[in-house]
Structures are given as C-alpha cells and as structure tokens.
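Shown next: upload.txt, given as compact mmCIF, C-alpha atoms.
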```
# COMPACT_ATOMS: atom_id res chain seq x y z
CA MET A 1 43.77 -0.87 -64.54
CA ARG A 2 40.73 1.22 -65.44
CA LYS A 3 41.40 4.92 -64.93
CA LEU A 4 39.22 7.36 -63.04
CA ALA A 5 37.86 9.85 -65.55
CA PRO A 6 37.66 13.46 -64.33
CA GLY A 7 34.18 14.29 -63.06
CA ARG A 8 31.84 13.39 -60.27
CA LEU A 9 32.72 10.67 -57.82
CA VAL A 10 30.48 9.64 -54.95
CA LEU A 11 32.18 8.95 -51.68
CA ALA A 12 30.36 6.06 -49.98
CA THR A 13 30.84 7.22 -46.41
CA HIS A 14 28.67 9.08 -43.95
CA ASN A 15 31.68 10.17 -41.93
CA ALA A 16 32.17 13.92 -42.40
CA GLY A 17 35.83 13.70 -41.48
CA LYS A 18 36.51 11.11 -44.15
CA VAL A 19 34.60 13.13 -46.73
CA ARG A 20 36.81 16.15 -46.05
CA GLU A 21 40.04 14.17 -46.00
CA ILE A 22 39.36 12.09 -49.10
CA GLY A 23 37.85 15.01 -50.94
CA ALA A 24 41.04 17.00 -50.42
CA LEU A 25 43.10 14.12 -51.81
CA LEU A 26 41.01 13.70 -54.97
CA THR A 27 40.26 17.29 -55.91
CA PRO A 28 43.76 17.89 -57.40
CA PHE A 29 43.01 15.07 -59.86
CA GLY A 30 39.98 16.83 -61.26
CA MET A 31 37.51 14.74 -59.27
CA ASP A 32 34.35 16.44 -58.04
CA VAL A 33 33.66 14.56 -54.81
CA VAL A 34 30.13 14.33 -53.47
CA ALA A 35 29.18 12.50 -50.28
CA ALA A 36 26.70 9.61 -50.36
CA GLY A 37 24.76 11.27 -47.54
CA ASP A 38 24.38 14.47 -49.59
CA LEU A 39 22.79 12.40 -52.36
CA GLY A 40 20.36 10.88 -49.87
CA LEU A 41 21.88 7.42 -50.26
CA PRO A 42 21.36 4.99 -47.36
CA GLU A 43 24.22 3.27 -45.52
CA PRO A 44 24.23 -0.43 -46.41
CA ALA A 45 24.89 -3.00 -43.68
CA GLU A 46 28.54 -4.08 -43.51
CA THR A 47 27.97 -7.80 -43.38
CA GLU A 48 31.30 -9.13 -44.66
CA ASP A 49 34.14 -10.43 -42.52
CA SER A 50 36.87 -8.68 -44.48
CA PHE A 51 37.75 -5.04 -45.01
CA ALA A 52 37.63 -5.52 -48.80
CA GLY A 53 34.24 -7.22 -48.61
CA ASN A 54 32.72 -4.37 -46.63
CA ALA A 55 34.33 -1.65 -48.74
CA LEU A 56 32.95 -3.32 -51.86
CA ILE A 57 29.44 -3.52 -50.39
CA LYS A 58 29.50 0.23 -49.77
CA ALA A 59 31.09 1.19 -53.09
CA ARG A 60 28.84 -1.05 -55.21
CA ALA A 61 25.67 0.15 -53.47
CA ALA A 62 26.59 3.80 -53.95
CA ALA A 63 27.67 3.35 -57.59
CA ALA A 64 24.47 1.51 -58.49
CA ARG A 65 22.17 4.01 -56.81
CA ALA A 66 23.98 7.17 -57.89
CA GLY A 67 25.00 6.05 -61.38
CA LEU A 68 28.46 7.43 -60.64
CA VAL A 69 31.84 5.90 -59.89
CA ALA A 70 31.98 5.39 -56.13
CA LEU A 71 34.79 5.16 -53.62
CA ALA A 72 34.43 3.49 -50.23
CA ASP A 73 36.83 3.05 -47.35
CA ASP A 74 36.85 0.29 -44.75
CA SER A 75 39.54 0.32 -42.16
CA GLY A 76 40.42 -0.91 -38.73
CA LEU A 77 42.96 -2.06 -36.22
CA CYS A 78 44.33 -5.61 -36.23
CA VAL A 79 46.11 -6.86 -33.11
CA ASP A 80 48.48 -9.76 -33.78
CA ALA A 81 48.00 -11.49 -30.42
CA LEU A 82 44.22 -11.30 -30.87
CA ASP A 83 44.30 -13.02 -34.25
CA GLY A 84 43.63 -9.74 -36.00
CA ALA A 85 40.79 -8.52 -33.77
CA PRO A 86 39.07 -6.12 -33.58
CA GLY A 87 39.60 -5.97 -37.37
CA VAL A 88 36.36 -5.36 -39.21
CA TYR A 89 34.70 -4.96 -35.80
CA THR A 90 36.95 -2.03 -34.88
CA ALA A 91 34.09 0.44 -34.59
CA ASP A 92 31.66 -2.12 -33.19
CA TRP A 93 33.85 -2.57 -30.12
CA ALA A 94 33.25 1.10 -29.29
CA GLU A 95 29.47 0.96 -29.54
CA THR A 96 27.48 1.69 -26.40
CA PRO A 97 23.82 2.62 -25.93
CA GLU A 98 25.06 6.22 -25.51
CA GLY A 99 27.15 6.27 -28.69
CA ARG A 100 30.73 5.34 -29.54
CA ASP A 101 33.17 5.14 -26.64
CA TRP A 102 36.67 4.64 -28.05
CA LEU A 103 38.23 4.48 -24.62
CA LEU A 104 36.01 1.50 -23.90
CA ALA A 105 37.16 -0.14 -27.13
CA MET A 106 40.83 0.44 -26.26
CA THR A 107 40.23 -0.99 -22.81
CA LYS A 108 38.66 -4.14 -24.28
CA VAL A 109 41.85 -4.71 -26.25
CA GLU A 110 43.93 -4.31 -23.07
CA HIS A 111 41.65 -6.68 -21.18
CA LEU A 112 42.12 -9.38 -23.81
CA LEU A 113 45.87 -8.82 -24.05
CA ALA A 114 46.24 -8.92 -20.25
CA ALA A 115 44.45 -12.27 -20.21
CA GLN A 116 47.33 -13.63 -22.29
CA GLY A 117 49.86 -12.65 -19.65
CA PRO A 118 52.60 -10.01 -19.57
CA GLY A 119 54.49 -11.59 -22.47
CA ALA A 120 51.71 -11.09 -25.01
CA SER A 121 52.84 -9.42 -28.22
CA ARG A 122 51.66 -5.82 -28.48
CA ALA A 123 52.25 -5.68 -32.24
CA ALA A 124 49.34 -4.33 -34.26
CA HIS A 125 48.63 -2.76 -37.62
CA PHE A 126 46.06 -0.47 -39.08
CA VAL A 127 44.51 -1.53 -42.36
CA CYS A 128 42.74 0.72 -44.84
CA THR A 129 40.96 -0.79 -47.80
CA LEU A 130 39.67 1.45 -50.57
CA ALA A 131 37.16 0.07 -53.03
CA LEU A 132 36.23 1.71 -56.30
CA ALA A 133 33.05 0.65 -58.07
CA TRP A 134 31.83 1.82 -61.44
CA PRO A 135 28.13 1.87 -62.33
CA ASP A 136 28.73 -0.93 -64.83
CA GLY A 137 29.84 -3.24 -62.01
CA GLU A 138 33.60 -3.12 -62.41
CA THR A 139 35.51 -2.81 -59.14
CA ALA A 140 39.04 -2.33 -57.87
CA VAL A 141 40.42 -2.68 -54.35
CA PHE A 142 43.55 -1.12 -52.81
CA GLU A 143 44.87 -2.01 -49.36
CA GLY A 144 47.29 0.00 -47.24
CA ARG A 145 48.82 -0.97 -43.93
CA CYS A 146 50.66 0.78 -41.15
CA ALA A 147 52.54 -1.46 -38.71
CA GLY A 148 53.19 -0.51 -35.12
CA SER A 149 52.51 -1.49 -31.54
CA LEU A 150 50.03 -0.68 -28.82
CA THR A 151 50.94 1.52 -25.87
CA TRP A 152 49.07 2.06 -22.61
CA PRO A 153 47.69 4.33 -21.23
CA PRO A 154 46.30 6.27 -24.22
CA ARG A 155 48.14 9.49 -25.12
CA GLY A 156 47.17 12.48 -27.24
CA ASP A 157 43.95 14.15 -28.29
CA ARG A 158 44.36 14.32 -32.06
CA GLY A 159 43.07 11.70 -34.48
CA PHE A 160 40.24 9.38 -33.55
CA GLY A 161 39.47 5.76 -32.81
CA TYR A 162 42.45 3.78 -31.51
CA ASP A 163 44.95 6.51 -32.46
CA PRO A 164 45.83 7.31 -28.80
CA VAL A 165 47.24 3.81 -28.22
CA PHE A 166 48.88 3.20 -31.62
CA VAL A 167 52.57 3.93 -32.11
CA ALA A 168 53.78 3.37 -35.67
CA ASP A 169 57.04 1.45 -36.05
CA GLY A 170 59.99 3.79 -35.75
CA MET A 171 58.05 6.44 -33.81
CA ASP A 172 57.69 7.21 -30.11
CA ALA A 173 54.52 9.32 -30.26
CA THR A 174 51.05 7.90 -30.77
CA PHE A 175 48.92 8.68 -33.83
CA ALA A 176 46.92 11.01 -31.56
CA GLU A 177 50.04 12.96 -30.56
CA ILE A 178 51.63 13.61 -33.95
CA ASP A 179 50.76 16.32 -36.41
CA PRO A 180 47.87 15.27 -38.67
CA ALA A 181 50.02 15.98 -41.73
CA GLU A 182 52.67 13.61 -40.38
CA LYS A 183 50.03 10.96 -39.72
CA HIS A 184 48.64 11.31 -43.24
CA ARG A 185 52.14 10.84 -44.62
CA ILE A 186 52.67 7.42 -42.98
CA SER A 187 49.16 6.15 -42.32
CA HIS A 188 47.42 3.07 -43.68
CA ARG A 189 45.02 5.39 -45.52
CA ALA A 190 47.95 7.19 -47.15
CA ALA A 191 49.38 3.83 -48.25
CA ALA A 192 46.07 2.75 -49.77
CA PHE A 193 45.66 6.09 -51.53
CA ALA A 194 49.16 5.87 -52.95
CA LYS A 195 48.20 2.57 -54.57
CA LEU A 196 44.91 3.93 -55.89
CA THR A 197 46.63 7.00 -57.26
CA ALA A 198 49.36 4.99 -58.94
CA ALA A 199 46.83 2.67 -60.55
CA CYS A 200 43.98 4.96 -61.48
CA LEU A 201 45.04 8.57 -61.40
CA GLU A 202 48.76 8.95 -61.88
CA ASP A 203 48.77 9.94 -65.50
CA ARG A 204 46.49 12.82 -64.53
CA LEU A 205 49.19 15.01 -62.94
CA MET B 1 44.48 -1.66 25.38
CA ARG B 2 42.62 -4.81 26.34
CA LYS B 3 44.77 -7.89 25.84
CA LEU B 4 43.81 -11.04 23.99
CA ALA B 5 43.68 -13.84 26.52
CA PRO B 6 45.02 -17.21 25.35
CA GLY B 7 42.22 -19.46 24.14
CA ARG B 8 39.69 -19.66 21.36
CA LEU B 9 39.28 -16.85 18.89
CA VAL B 10 36.79 -16.89 16.04
CA LEU B 11 37.99 -15.59 12.72
CA ALA B 12 35.12 -13.76 11.03
CA THR B 13 35.99 -14.66 7.48
CA HIS B 14 34.79 -17.28 5.03
CA ASN B 15 37.96 -17.00 2.96
CA ALA B 16 40.00 -20.18 3.44
CA GLY B 17 43.23 -18.43 2.46
CA LYS B 18 42.77 -15.77 5.12
CA VAL B 19 41.91 -18.40 7.74
CA ARG B 20 45.19 -20.22 7.05
CA GLU B 21 47.26 -17.05 6.93
CA ILE B 22 45.81 -15.42 10.04
CA GLY B 23 45.68 -18.69 11.93
CA ALA B 24 49.42 -19.14 11.36
CA LEU B 25 50.07 -15.65 12.70
CA LEU B 26 48.04 -16.11 15.90
CA THR B 27 48.89 -19.67 16.89
CA PRO B 28 52.33 -18.71 18.31
CA PHE B 29 50.51 -16.46 20.79
CA GLY B 30 48.51 -19.32 22.25
CA MET B 31 45.37 -18.50 20.31
CA ASP B 32 43.19 -21.38 19.14
CA VAL B 33 41.75 -20.01 15.90
CA VAL B 34 38.43 -21.31 14.59
CA ALA B 35 36.78 -20.08 11.41
CA ALA B 36 33.31 -18.53 11.49
CA GLY B 37 32.23 -20.89 8.74
CA ASP B 38 33.24 -23.91 10.81
CA LEU B 39 30.95 -22.68 13.58
CA GLY B 40 28.09 -22.34 11.11
CA LEU B 41 28.00 -18.55 11.46
CA PRO B 42 26.46 -16.62 8.56
CA GLU B 43 28.30 -13.86 6.66
CA PRO B 44 26.75 -10.51 7.55
CA ALA B 45 26.23 -7.93 4.79
CA GLU B 46 29.07 -5.40 4.58
CA THR B 47 26.96 -2.26 4.43
CA GLU B 48 29.45 0.36 5.65
CA ASP B 49 31.43 2.72 3.46
CA SER B 50 34.67 2.31 5.40
CA PHE B 51 37.02 -0.62 5.92
CA ALA B 52 36.76 -0.20 9.70
CA GLY B 53 32.98 -0.12 9.56
CA ASN B 54 32.78 -3.35 7.61
CA ALA B 55 35.41 -5.11 9.70
CA LEU B 56 33.49 -4.14 12.85
CA ILE B 57 30.21 -5.47 11.42
CA LYS B 58 31.84 -8.84 10.82
CA ALA B 59 33.74 -9.00 14.13
CA ARG B 60 30.78 -7.90 16.27
CA ALA B 61 28.40 -10.35 14.58
CA ALA B 62 30.78 -13.26 15.07
CA ALA B 63 31.60 -12.36 18.69
CA ALA B 64 27.95 -12.04 19.64
CA ARG B 65 26.90 -15.31 18.00
CA ALA B 66 29.90 -17.38 19.08
CA GLY B 67 30.39 -15.90 22.53
CA LEU B 68 34.10 -15.68 21.75
CA VAL B 69 36.48 -12.89 20.93
CA ALA B 70 36.36 -12.41 17.17
CA LEU B 71 38.78 -11.03 14.60
CA ALA B 72 37.70 -9.70 11.21
CA ASP B 73 39.65 -8.31 8.29
CA ASP B 74 38.48 -5.84 5.68
CA SER B 75 40.90 -4.73 3.06
CA GLY B 76 41.13 -3.24 -0.40
CA LEU B 77 42.92 -1.15 -2.95
CA CYS B 78 42.65 2.65 -2.95
CA VAL B 79 43.71 4.53 -6.09
CA ASP B 80 44.62 8.16 -5.45
CA ALA B 81 43.41 9.51 -8.81
CA LEU B 82 40.07 7.72 -8.32
CA ASP B 83 39.43 9.35 -4.94
CA GLY B 84 40.25 6.10 -3.18
CA ALA B 85 38.18 3.79 -5.38
CA PRO B 86 37.64 0.88 -5.55
CA GLY B 87 38.24 0.94 -1.76
CA VAL B 88 35.57 -0.97 0.12
CA TYR B 89 34.20 -2.03 -3.29
CA THR B 90 37.48 -3.73 -4.23
CA ALA B 91 35.94 -7.19 -4.49
CA ASP B 92 32.63 -5.91 -5.88
CA TRP B 93 34.39 -4.57 -8.97
CA ALA B 94 35.40 -8.15 -9.80
CA GLU B 95 31.92 -9.63 -9.51
CA THR B 96 30.39 -11.14 -12.62
CA PRO B 97 27.48 -13.54 -13.06
CA GLU B 98 30.12 -16.28 -13.48
CA GLY B 99 32.09 -15.45 -10.35
CA ARG B 100 34.93 -13.07 -9.52
CA ASP B 101 37.02 -11.85 -12.45
CA TRP B 102 39.99 -9.90 -11.08
CA LEU B 103 41.31 -9.09 -14.53
CA LEU B 104 38.02 -7.34 -15.23
CA ALA B 105 38.40 -5.37 -11.99
CA MET B 106 41.95 -4.33 -12.90
CA THR B 107 40.77 -3.31 -16.36
CA LYS B 108 38.03 -1.12 -14.86
CA VAL B 109 40.69 0.76 -12.92
CA GLU B 110 42.71 1.27 -16.12
CA HIS B 111 39.64 2.45 -18.00
CA LEU B 112 38.92 5.09 -15.36
CA LEU B 113 42.56 6.18 -15.16
CA ALA B 114 42.82 6.41 -18.95
CA ALA B 115 39.77 8.69 -18.97
CA GLN B 116 41.81 11.15 -16.90
CA GLY B 117 44.49 11.34 -19.57
CA PRO B 118 48.09 10.12 -19.69
CA GLY B 119 49.15 12.37 -16.80
CA ALA B 120 46.88 10.72 -14.23
CA SER B 121 48.66 9.70 -11.04
CA ARG B 122 49.10 5.94 -10.75
CA ALA B 123 49.73 6.08 -7.02
CA ALA B 124 47.69 3.60 -4.98
CA HIS B 125 47.77 1.90 -1.61
CA PHE B 126 46.42 -1.25 -0.13
CA VAL B 127 44.61 -0.94 3.18
CA CYS B 128 44.00 -3.71 5.69
CA THR B 129 41.77 -3.09 8.67
CA LEU B 130 41.59 -5.65 11.45
CA ALA B 131 38.76 -5.42 13.95
CA LEU B 132 38.65 -7.27 17.26
CA ALA B 133 35.33 -7.64 19.07
CA TRP B 134 34.77 -9.19 22.47
CA PRO B 135 31.44 -10.78 23.43
CA ASP B 136 30.81 -7.93 25.90
CA GLY B 137 30.82 -5.41 23.04
CA GLU B 138 34.29 -3.93 23.39
CA THR B 139 36.11 -3.44 20.10
CA ALA B 140 39.50 -2.40 18.75
CA VAL B 141 40.55 -1.54 15.22
CA PHE B 142 44.03 -1.64 13.63
CA GLU B 143 44.82 -0.31 10.18
CA GLY B 144 47.82 -1.11 8.02
CA ARG B 145 48.77 0.38 4.68
CA CYS B 146 51.14 -0.43 1.88
CA ALA B 147 51.87 2.40 -0.56
CA GLY B 148 52.82 1.79 -4.17
CA SER B 149 51.75 2.39 -7.73
CA LEU B 150 49.83 0.61 -10.45
CA THR B 151 51.56 -1.00 -13.41
CA TRP B 152 50.07 -2.30 -16.66
CA PRO B 153 49.78 -4.95 -18.03
CA PRO B 154 49.37 -7.29 -15.03
CA ARG B 155 52.41 -9.40 -14.14
CA GLY B 156 52.82 -12.50 -12.00
CA ASP B 157 50.63 -15.39 -10.93
CA ARG B 158 51.10 -15.38 -7.16
CA GLY B 159 48.87 -13.53 -4.73
CA PHE B 160 45.31 -12.66 -5.61
CA GLY B 161 43.04 -9.71 -6.36
CA TYR B 162 44.89 -6.66 -7.68
CA ASP B 163 48.33 -8.06 -6.78
CA PRO B 164 49.43 -8.42 -10.46
CA VAL B 165 49.20 -4.65 -11.02
CA PHE B 166 50.46 -3.40 -7.64
CA VAL B 167 54.12 -2.48 -7.18
CA ALA B 168 55.01 -1.46 -3.63
CA ASP B 169 57.14 1.66 -3.27
CA GLY B 170 60.79 0.82 -3.61
CA MET B 171 60.17 -2.40 -5.54
CA ASP B 172 60.13 -3.27 -9.23
CA ALA B 173 58.15 -6.53 -9.06
CA THR B 174 54.41 -6.73 -8.52
CA PHE B 175 52.84 -8.33 -5.45
CA ALA B 176 52.01 -11.29 -7.70
CA GLU B 177 55.66 -11.72 -8.72
CA ILE B 178 57.41 -11.62 -5.34
CA ASP B 179 57.82 -14.45 -2.88
CA PRO B 180 54.77 -14.70 -0.60
CA ALA B 181 57.04 -14.43 2.44
CA GLU B 182 58.40 -11.14 1.08
CA LYS B 183 54.88 -9.89 0.45
CA HIS B 184 53.80 -10.79 3.97
CA ARG B 185 56.77 -8.85 5.34
CA ILE B 186 55.81 -5.57 3.70
CA SER B 187 52.07 -5.89 3.07
CA HIS B 188 49.20 -3.85 4.45
CA ARG B 189 48.05 -6.97 6.33
CA ALA B 190 51.47 -7.34 7.94
CA ALA B 191 51.36 -3.70 9.00
CA ALA B 192 47.92 -4.11 10.56
CA PHE B 193 48.98 -7.28 12.33
CA ALA B 194 52.07 -5.58 13.71
CA LYS B 195 49.82 -2.99 15.34
CA LEU B 196 47.44 -5.62 16.69
CA THR B 197 50.33 -7.64 18.06
CA ALA B 198 51.96 -4.65 19.70
CA ALA B 199 48.70 -3.59 21.33
CA CYS B 200 47.08 -6.87 22.33
CA LEU B 201 49.59 -9.70 22.25
CA GLU B 202 53.12 -8.44 22.72
CA ASP B 203 53.60 -9.30 26.37
CA ARG B 204 52.73 -12.87 25.46
CA LEU B 205 56.08 -13.68 23.82
```
Exercise: express the given structure as structure tokens:
Amino acid sequence: MRKLAPGRLVLATHNAGKVREIGALLTPFGMDVVAAGDLGLPEPAETEDSFAGNALIKARAAAARAGLVALADDSGLCVDALDGAPGVYTADWAETPEGRDWLLAMTKVEHLLAAQGPGASRAAHFVCTLALAWPDGETAVFEGRCAGSLTWPPRGDRGFGYDPVFVADGMDATFAEIDPAEKHRISHRAAAFAKLTAACLEDRL
Amino acid sequence: MRKLAPGRLVLATHNAGKVREIGALLTPFGMDVVAAGDLGLPEPAETEDSFAGNALIKARAAAARAGLVALADDSGLCVDALDGAPGVYTADWAETPEGRDWLLAMTKVEHLLAAQGPGASRAAHFVCTLALAWPDGETAVFEGRCAGSLTWPPRGDRGFGYDPVFVADGMDATFAEIDPAEKHRISHRAAAFAKLTAACLEDRL
C-alpha cells in the first residue's frame, strides 16, 4: 500500500467538526492538515450510491484541484430492517427548508420501522468510509463499521446526527450519552482510521 | 336529568364502526338507532376547540334536521407533555392527501415528545364526550376518560387510531392488543356511556 509522506494533506470536508477531529488524528504522523474550504475548493455533488463512491468523488476532486494528497470521509447509518437505509442518504433525511433537523431524520426511521410491526429488527450499524486520493490519480479506501441497535426515544446531547438513538453492541448508553473519547475508541470512524493508519502510516511512529 | 324516551334516536356520526358499537349499546334500552348518514344528513364542520363543543355541534345539527333526539360522540387522545394535543385534532393529525394514516399521526406525537428530551412524560388519556340533543334544543353532555401512557413502537392490530401505542393504566398490552370486549369494558367510551346510562336510561332496565 502506498504510504502517506509527511507534509500537507487536504481534508475534503466542509464540516468543521470533522476537520478538527481528523486533523488531531493525523498531526502526530507529521501530516499538516488543511481543510478544502480553507483552500477555496468547492464541494462536489455526492452522486454515488455507495459510501466509497462518494468518498472517492470528494477525495479525487480535492486532490486534483489542490495538487495535494486528499482525504475524504463518507459515513452514515444503515438500518438492517430498512435494507441499509438511510445509508448514503443519512444526512439527506435530515434536510428541511430551515436546515438539518436530525430529530426529524430519527423520526423517519421510527416511522418506517413501526410500519413493519413491533417485531421489526432494530439492528443497525454506522459505516465510515475514508478515501485517500493522490494527485496522480491513485486512490485507497478504508471502511470501518460499528454495530449496534436503535433505541427510542433519543437520549443524550453529545455527538451529532443519529447518535442519540444508536447504542453500540455491548453498551447501554447511546453515542450521544457517552464520553466523546469513549465514542472515538469504538466508533466506525475509529475503525476506518485504524485501517488507514495500519496501511499508510504505521511505520511513521 | 331528562330521560331518553323509547323510540327513534339519530346517531350523529358517519363512522360505520361507531354506529354498530353505539347501536348495540342502546338497543337493549328500547332505542331504535338510525344513523345520520342513512337519513341523508350532512356532516357539520367541527369548528370548536373542545370535545364537548364539537359533539354538541353534531348532536344539535342532527336533532334539528331529523326532528329526533340525537346522540353524537367526539373523542380523542390527550398527551400530557403536549398540553393535551392532539386532542380535538386527533383525527386531523392522521390526514394525508391519500387518506388517514394513523401511523403518521402516532409518529408525530413521538417526534414532539422526543423534542422534549428523554425525560418527557409519556402520560396520556383518551377522552370520549357524548352529547345528546333534543329537537326542542335541550342538550346534555357526558364525558368519559381512560388514563394510560404511550408506548413505542406500536403494537397490535385491533382497534383503530392511536390504540397501538396506548396502554391503559394497570395494563401491559396496548388497546390494539387486547380483546375488544376488554377494551369496551375499560375505555373512555365505556365510561361516557356509563354516565349517559345512569343519567338518562337507568330506570329503563
């Protein structure tokens, strides 16, 4: 696997929270992380129907425009009984004319599950896909998962997105109730980063 | 209290289920129940913001047009944490361009409760208000309640409306899971009918 050389890396996200979180993970490896928004790069449309497809769109676009290696993240919640929905539409389900309403998105999931009757499986998993793209066109993709189940009503005010209804297997608290450090230890994003680190960075420490 | 004389009574509802249920309750008292729809009476608009107000609109309109004593029912679910909503709008919350969707209505309640956080009270009660109107303008109103709490996800395929999420105090099963005879023994409608019977029919047995 091609290694990440120390130096500048452009993070193909316009989410300030992700920039902070991913930046903190990469800095110890000698990476100088800069956000796509800070370079004036546009956000490409996420037109694929897979996490990897969308992450690659973002990483390739940023690498080509910035002339730097780029890292993109695409992630979401997949509900077993809904055939993996909302999946790549995780954020779309929260969109309203007034902005994102995650409670609305969580309620849509409950509405669909309730339509299947009280016996519907509440199993779900978060997926995080990280895509690396080099300016010469080479790419690499790393996927992490975190399995769990959905609870209702939502609990906790940490985290974001569907965190208040997601309970990881083996836990009682939701992702919005646990300490962020604990979440980052077991999360889908942590799992994806562990793979990326092992493949592209490990010999750096 | 004015008594109900044996004879014809017009039931001011266009709901076939209610006509059957209420007809069965009144027949033993010598009442000959005829539905408003069978007399060609229109459904007046329910413009009041109370169950009693709407029941009186329906009973008065039917009594005046039919020249018979009329009985109307207005009922709904009141959720404590929602200041009594949906209340008189119980059926309205289920309206969609394609007809009534009770699962949608139940989901709206969950959405609003979830917005109050995990500690929101799930206490609720069903209310049934029966209004009698005589052709001379005299009226009487009887209200019955059934206290309980809301469960999620919905369970059971009996009953109608919010029954799959309503658990009466002291029970474990929802109104949509229990035997209809059991529901009719403890329901808000039974409580209202007991009052009506005691006041207007009891000396008839």
Problem set entry | Residues near range 113-128 of chain B, cut-off 10 Å, all atoms listed in the file, skip fewer than 2 positions along chain, as a ChimeraX atom specification | /A:103-104,106-107,152-157,164 /B:51-52,55,73-82,84-85,87-88,107-111,130-131,142-151,162-163,166-169,187-193
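CA of Asp49 in chain B lies 26.3 Å from CA of Cys200 in chain B.
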Exercise. If we count all atoms listed in the file, what is near range 65-70 of chain A at a cut-off of 10 Å, once residues fewer than 4 positions away on the same chain are taken out, given as number ranges by chain?
Worked result: A: 4-5, 7-13, 33-36, 39-42, 56, 58-61, 131-139
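The shortest atom-to-atom distance to chain A, with only C-alpha atoms taken into account, belongs to B:Val165 out of B:Asp92, B:Val165, B:Ala72, B:Ala63.
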Exercise. For the atom pair CA of Gly99 in chain A and CA of Asn54 in chain A, what is the interatomic distance in Å to one decimal place?
Worked result: 21.6 Å
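Take CA of Val19 in chain A and CA of Arg2 in chain A: the distance between them is 23.0 Å.
Nearest-residue note for chain A: choosing from B:Leu201, B:Trp102, B:Thr129, B:Ala91, the minimum distance belongs to B:Trp102, counting all atoms listed in the file.
Each of A:Ala45, A:Leu71, A:Leu112, A:Met171 was compared to Gly23 in chain A using all atoms listed in the file, and A:Leu71 turns out to be the nearest.
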